[in-house]
Amino acid sequence: MSYEETLKGMGLIIEPIELDNGKFALATRVGDLIFTSGQISSWDGKDIKGKVGADVSVEEAYEAARMCALNNLRAIRSLVGSLDDIEQFVKVLGMVNVAPDFDNTPAVVNGCSDLLREVFGPAGQHSRSAVGMTIPFNWAVEVEMVVKVR
């Protein structure tokens, strides 16, 4: 089964989007690598905002990281035409909007990593950083990726 079919089977439709927002590109291709801009925790009309560990639970933030992964997939698909062209997820940078004492950022970014492995199998395995910070506009999570494509 193709990656696109796997996502459809999960009820997830990845529609293409405009990649140029007027200031920067949401994804850029250099050779066989795609670099995505940071994608936020908003999907299908639902936004997850707030500080993880105060306003947002770890479970909600895990879901927010999944949303970020889906937005990255949308940017990648918009650039290359099909997610079936993905060979390997190389690097994921997960940024979590944290309350002052929250330090379990890996549990949050697992939402992204788990989705990639679930859909892409071995190609979804990647190197990763999961860091805590303040994110603009109070988004709960932001994720960027480097992906190798055909």
# chains A, B, ... in the order shown; residues from 1 in each chain; ligands from 1
>>> select_by_dssp(residues="range 8-147 of chain A", states="strand (DSSP E or B)", output="ChimeraX atom specification")
/A:20,25,27-30,33-36,39-40,42-43,46-47,49,52,56,86-98,127-133,139,141-147
>>> residues_around(residues="Asn138 in chain A", least_positions_apart="5", cutoff="8 Å", atoms="only C-alpha atoms", output="ChimeraX atom specification")
/A:49-51,97
>>> closest_atom_pairs(of="range 110-134 of chain A", to="range 79-90 of chain A", cutoff="12 Å", atoms="only C-alpha atoms", output="JSON lines")
{"residue": "A:Cys112", "atom": "CA", "partner": "A:Phe89", "partner_atom": "CA", "distance": 11.6}
{"residue": "A:Ser113", "atom": "CA", "partner": "A:Phe89", "partner_atom": "CA", "distance": 9.9}
{"residue": "A:Leu115", "atom": "CA", "partner": "A:Phe89", "partner_atom": "CA", "distance": 11.9}
{"residue": "A:Leu116", "atom": "CA", "partner": "A:Phe89", "partner_atom": "CA", "distance": 8.2}
{"residue": "A:Arg117", "atom": "CA", "partner": "A:Phe89", "partner_atom": "CA", "distance": 9.5}
{"residue": "A:Val119", "atom": "CA", "partner": "A:Leu83", "partner_atom": "CA", "distance": 10.5}
{"residue": "A:Phe120", "atom": "CA", "partner": "A:Gln88", "partner_atom": "CA", "distance": 8.5}
{"residue": "A:Gly121", "atom": "CA", "partner": "A:Gln88", "partner_atom": "CA", "distance": 9.7}
{"residue": "A:Pro122", "atom": "CA", "partner": "A:Gln88", "partner_atom": "CA", "distance": 8.0}
{"residue": "A:Ala123", "atom": "CA", "partner": "A:Gln88", "partner_atom": "CA", "distance": 4.4}
{"residue": "A:Gly124", "atom": "CA", "partner": "A:Phe89", "partner_atom": "CA", "distance": 5.4}
{"residue": "A:Gln125", "atom": "CA", "partner": "A:Phe89", "partner_atom": "CA", "distance": 6.3}
{"residue": "A:His126", "atom": "CA", "partner": "A:Val90", "partner_atom": "CA", "distance": 5.0}
{"residue": "A:Ser127", "atom": "CA", "partner": "A:Val90", "partner_atom": "CA", "distance": 6.1}
{"residue": "A:Arg128", "atom": "CA", "partner": "A:Val90", "partner_atom": "CA", "distance": 8.5}
{"residue": "A:Ser129", "atom": "CA", "partner": "A:Val90", "partner_atom": "CA", "distance": 11.7}
>>> select_by_dssp(residues="chain A", states="helix (DSSP H, G or I)", output="MDAnalysis selection string")
chainID A and resid 3:9 58:80 83:85 105:124 136:138
>>> closest_residue(among="A:Ala27, A:Arg74, A:Thr6, A:Ala107", to="Glu59 in chain A", atoms="only C-alpha atoms")
A:Ala107
>>> residues_around(residues="Ser57 in chain A", least_positions_apart="3", cutoff="12 Å", atoms="only C-alpha atoms", output="list in words")
Ile48, Lys49, Gly50, Lys51, Val52, Gly53, Ala54, Glu60, Ala61, Tyr62, Glu63, Ala64, Val96, Asn97, Val98, Ala99, Phe102, Asn104, Thr105, Ala107, Val108, Ala140 and Val141 of chain A
>>> closest_residue(among="A:Asn21, A:Ser2, A:Ser41, A:Ser78", to="Gly94 in chain A", atoms="only C-alpha atoms")
A:Ser41
>>> residues_around(residues="Ile34 in chain A", least_positions_apart="5", cutoff="7 Å", atoms="only C-alpha atoms", output="list of chain:residue names")
A:Ala27, A:Thr28, A:Arg29, A:Val146, A:Val147, A:Lys148
>>> closest_residue(among="A:Asp55, A:Glu142, A:Asp47, A:Asp32", to="Leu93 in chain A", atoms="only C-alpha atoms")
A:Glu142
>>> closest_atom_pairs(of="range 44-89 of chain A", to="range 9-12 of chain A", cutoff="12 Å", atoms="only C-alpha atoms", output="CSV")
residue,atom,partner,partner_atom,distance
A:Asp44,CA,A:Leu12,CA,9.8
A:Arg66,CA,A:Leu12,CA,11.5
A:Met67,CA,A:Leu12,CA,10.8
A:Ala69,CA,A:Leu12,CA,11.8
A:Leu70,CA,A:Leu12,CA,8.6
A:Asn71,CA,A:Leu12,CA,11.3
A:Leu73,CA,A:Leu12,CA,10.9
A:Arg74,CA,A:Leu12,CA,10.8
>>> residues_around(residues="Glu144 in chain A", least_positions_apart="6", cutoff="6 Å", atoms="only C-alpha atoms", output="PyMOL selection string")
chain A and resi 36-38+92-93
>>> atom_distance(atom1="CA of Gly31 in chain A", atom2="CA of Ile14 in chain A")
23.4 Å
>>> closest_residue(among="A:Gly22, A:Pro16, A:Pro106, A:Pro100", to="Thr134 in chain A", atoms="only C-alpha atoms")
A:Pro100
>>> closest_residue(among="A:Asp20, A:Gln39, A:Leu26, A:Gly111", to="Pro136 in chain A", atoms="only C-alpha atoms")
A:Gln39
>>> closest_residue(among="A:Val131, A:Ala65, A:Met1, A:Met95", to="Asp114 in chain A", atoms="only C-alpha atoms")
A:Ala65
>>> atom_distance(atom1="CA of Asp103 in chain A", atom2="CA of Ala75 in chain A")
29.2 Å
